[in-house]
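Engineer: My structure is below; once you've seen it, I'll send some questions.
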Amino acid sequence: MTLPVTDPLTQEAEMAAVLRQYRTESGRTLLELVDESPVLLIFLRHFGCSFCRQTLDDVSRIRGQIEGQGIRPVFVHLGSPERAKPYFDYYHLSDIERVSDPEASLYARPVFHLPRKNVFSQLLVPAVWVAWLKDAIRKYGIGMIKEDADQMPGIFYLRQRAIVRAFRYKTIADEPDYLKLIA
């Protein structure tokens with residue numbers, strides 16, 4: 001199947017229209033943030049997910065390197081701001097811009113198109129079990145699922161109202177190379 005080719009100006013306009021609609025918990029639009037500096041937009045699954053907690057920890061550890069390149073990490077999550085706060089506080093990311101998207105409407109937008117996969121199908125993937133047994137459960141635990149466990153995460157490096165590079169997870173245990181993504 002061949003996708004229609006759209007010109008860069010059309011793509012930029014579509015991206016701007018989407019980013020203009022979503023505000024961070026501090027009240028700023030994603031478009032404002034992208035217009036100020038490049039953004040590493042990190043979509044999480046749910047806060048009971050070991051791998052999402054690992055993502056928070058990973059970004060916390062390399063935050064200085066990301067920001068040192070003039071790139072702003074911004075998170076999108078499925079919980080309420082109140083539910084998200086303790087997790088961002090725990091991983092020393094309290095001051096990071098984040099978007100609360102309980103309906104997963106930003107996840108589903110065609111510009112990002114993050115799929116939904118049945119959580120039980122993920123339990124049949126050997127790589128998920130290996131990652132859990134290797135370290136994820138011991139370091140990050142497993143919590144109660146209060147958000148949408150079927151929603152897959154993703155990471156997008158945005159610059160000048162365009163996606164420069166994207167990482168769409170195939171399994172919940174995938175481990176992106178954040179620094180390579182923004183290189």
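Residue names in the structure tokens use chain letters A, B, ... in the order shown, residue numbers from 1 in each chain, and ligand numbers from 1 in the order shown.
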Just want the 8 Å neighbourhood of range 83-99 of chain A, counted on only C-alpha atoms, with same-chain residues fewer than 2 positions away dropped. Output as a ChimeraX atom specification.
Structural biologist: /A:22-26,47,53,56-57,60,73-77,79-81,101
Engineer: Using DSSP on the backbone coordinates, identify the residues of range 71-107 of chain A assigned to strand (DSSP E); present them as a PDB file with N, CA, C and O atoms, in the first residue's frame.
Structural biologist:
ATOM      1  N   ARG A  72      13.875  19.804  24.666  1.00  0.00           N
ATOM      2  CA  ARG A  72      13.014  19.756  25.848  1.00  0.00           C
ATOM      3  C   ARG A  72      12.254  18.438  25.877  1.00  0.00           C
ATOM      4  O   ARG A  72      11.487  18.141  24.964  1.00  0.00           O
ATOM      5  N   PRO A  73      12.448  17.611  26.929  1.00  0.00           N
ATOM      6  CA  PRO A  73      11.614  16.420  27.063  1.00  0.00           C
ATOM      7  C   PRO A  73      10.214  16.811  27.549  1.00  0.00           C
ATOM      8  O   PRO A  73      10.071  17.628  28.455  1.00  0.00           O
ATOM      9  N   VAL A  74       9.201  16.249  26.919  1.00  0.00           N
ATOM     10  CA  VAL A  74       7.801  16.492  27.290  1.00  0.00           C
ATOM     11  C   VAL A  74       7.108  15.136  27.292  1.00  0.00           C
ATOM     12  O   VAL A  74       7.259  14.356  26.353  1.00  0.00           O
ATOM     13  N   PHE A  75       6.346  14.865  28.346  1.00  0.00           N
ATOM     14  CA  PHE A  75       5.655  13.581  28.469  1.00  0.00           C
ATOM     15  C   PHE A  75       4.167  13.726  28.168  1.00  0.00           C
ATOM     16  O   PHE A  75       3.559  14.758  28.461  1.00  0.00           O
ATOM     17  N   VAL A  76       3.594  12.666  27.609  1.00  0.00           N
ATOM     18  CA  VAL A  76       2.149  12.545  27.439  1.00  0.00           C
ATOM     19  C   VAL A  76       1.764  11.276  28.184  1.00  0.00           C
ATOM     20  O   VAL A  76       2.385  10.230  28.009  1.00  0.00           O
ATOM     21  N   HIS A  77       0.765  11.395  29.055  1.00  0.00           N
ATOM     22  CA  HIS A  77       0.351  10.231  29.847  1.00  0.00           C
ATOM     23  C   HIS A  77      -1.161  10.104  29.857  1.00  0.00           C
ATOM     24  O   HIS A  77      -1.884  11.036  29.510  1.00  0.00           O
ATOM     25  N   GLU A  97       7.470  19.447  31.553  1.00  0.00           N
ATOM     26  CA  GLU A  97       6.151  19.666  30.971  1.00  0.00           C
ATOM     27  C   GLU A  97       5.534  18.310  30.643  1.00  0.00           C
ATOM     28  O   GLU A  97       6.218  17.391  30.188  1.00  0.00           O
ATOM     29  N   ARG A  98       4.216  18.205  30.895  1.00  0.00           N
ATOM     30  CA  ARG A  98       3.527  16.957  30.585  1.00  0.00           C
ATOM     31  C   ARG A  98       2.069  17.230  30.239  1.00  0.00           C
ATOM     32  O   ARG A  98       1.473  18.189  30.723  1.00  0.00           O
ATOM     33  N   VAL A  99       1.537  16.349  29.409  1.00  0.00           N
ATOM     34  CA  VAL A  99       0.156  16.449  28.939  1.00  0.00           C
ATOM     35  C   VAL A  99      -0.621  15.278  29.516  1.00  0.00           C
ATOM     36  O   VAL A  99      -0.232  14.124  29.352  1.00  0.00           O
ATOM     37  N   SER A 100      -1.714  15.579  30.174  1.00  0.00           N
ATOM     38  CA  SER A 100      -2.631  14.554  30.663  1.00  0.00           C
ATOM     39  C   SER A 100      -3.650  14.293  29.548  1.00  0.00           C
ATOM     40  O   SER A 100      -4.349  15.198  29.114  1.00  0.00           O
TER      41      SER A 100
END
Engineer: Nearest to Gly154 in chain A: which of A:Val39, A:Leu30, A:Ala166, A:Cys52 is it, counting only C-alpha atoms?
Structural biologist: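 Of all the options, A:Ala166 lies closest to Gly154 in chain A.
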Engineer: Distance CA of Thr55 in chain A-CA of Asp150 in chain A, one decimal place?
Structural biologist: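 Those two atoms sit 17.2 Å apart.
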Engineer: Just how far from CA of Pro102 in chain A is CA of Ala16 in chain A, in Å to one decimal?
Structural biologist: 21.4 Å
Engineer: When DSSP works through the backbone of this structure, what residues of range 12-174 of chain A end up as alpha helix (DSSP H), shown as a PyMOL selection string?
Structural biologist: chain A and resi 12-21+30-36+50-68+81-90+105-108+119-122+126-131+137-140
Engineer: Counting only C-alpha atoms, what is within 12 Å of Gln69 in chain A, bar same-chain residues fewer than 4 positions away, as a PyMOL selection string?
Structural biologist: chain A and resi 37-40+62-65+73+179+182-183
Engineer: Would you save the residues from that selection as a tab-separated table (two decimals), in the first residue's frame, using N, CA, C and O atoms?
Structural biologist:
chain	number	residue	atom	x	y	z
A	37	SER	N	11.71	25.45	21.05
A	37	SER	CA	12.88	24.58	20.97
A	37	SER	C	12.43	23.20	20.50
A	37	SER	O	11.26	22.86	20.60
A	38	PRO	N	13.39	22.38	20.03
A	38	PRO	CA	13.03	21.01	19.70
A	38	PRO	C	12.49	20.29	20.94
A	38	PRO	O	12.86	20.62	22.07
A	39	VAL	N	11.61	19.32	20.71
A	39	VAL	CA	10.94	18.59	21.79
A	39	VAL	C	11.10	17.09	21.58
A	39	VAL	O	10.97	16.60	20.45
A	40	LEU	N	11.39	16.40	22.66
A	40	LEU	CA	11.34	14.94	22.66
A	40	LEU	C	10.02	14.59	23.34
A	40	LEU	O	9.88	14.71	24.56
A	62	ILE	N	19.21	10.65	31.90
A	62	ILE	CA	19.88	11.29	30.76
A	62	ILE	C	19.30	12.67	30.44
A	62	ILE	O	19.65	13.27	29.41
A	63	ARG	N	18.49	13.18	31.32
A	63	ARG	CA	17.85	14.47	31.10
A	63	ARG	C	18.87	15.57	30.79
A	63	ARG	O	18.67	16.38	29.90
A	64	GLY	N	19.96	15.60	31.53
A	64	GLY	CA	20.99	16.62	31.30
A	64	GLY	C	21.57	16.56	29.89
A	64	GLY	O	21.82	17.60	29.27
A	65	GLN	N	21.75	15.35	29.38
A	65	GLN	CA	22.27	15.19	28.02
A	65	GLN	C	21.24	15.64	26.98
A	65	GLN	O	21.61	16.25	25.97
A	73	PRO	N	12.45	17.61	26.93
A	73	PRO	CA	11.61	16.42	27.06
A	73	PRO	C	10.21	16.81	27.55
A	73	PRO	O	10.07	17.63	28.46
A	179	LEU	N	19.14	8.96	23.03
A	179	LEU	CA	20.18	9.85	22.53
A	179	LEU	C	20.39	9.66	21.03
A	179	LEU	O	20.65	10.64	20.31
A	182	ILE	N	17.65	11.57	19.11
A	182	ILE	CA	17.79	13.04	18.99
A	182	ILE	C	19.09	13.46	18.32
A	182	ILE	O	19.36	14.65	18.18
A	183	ALA	N	19.91	12.48	17.90
A	183	ALA	CA	21.22	12.81	17.30
A	183	ALA	C	21.07	13.45	15.93
A	183	ALA	O	20.13	13.29	15.24
Engineer: Can you tell me how far CA of Arg159 in chain A sits from CA of Asp174 in chain A, in Å to one decimal?
Structural biologist: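 Calculated distance between CA of Arg159 in chain A and CA of Asp174 in chain A is 23.9 Å.
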Engineer: For Thr29 in chain A, which of A:Met152, A:Leu78, A:Val59, A:Ala17 is the closest residue, counting only C-alpha atoms?
Structural biologist: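 Of all the options, A:Ala17 lies closest to Thr29 in chain A.
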Engineer: So, with only C-alpha atoms as the atoms that count, which of A:Ile66, A:Leu44, A:Leu33, A:Cys49 lies closest to Arg168 in chain A?
Structural biologist: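 Counting only C-alpha atoms, the residue closest to Arg168 in chain A is A:Leu44.
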Engineer: A:Thr171, A:Tyr178, A:Ser50, A:Glu82: which is nearest Pro115 in chain A, counting only C-alpha atoms?
Structural biologist: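 Checking each candidate against Pro115 in chain A, we get A:Thr171 as the closest.
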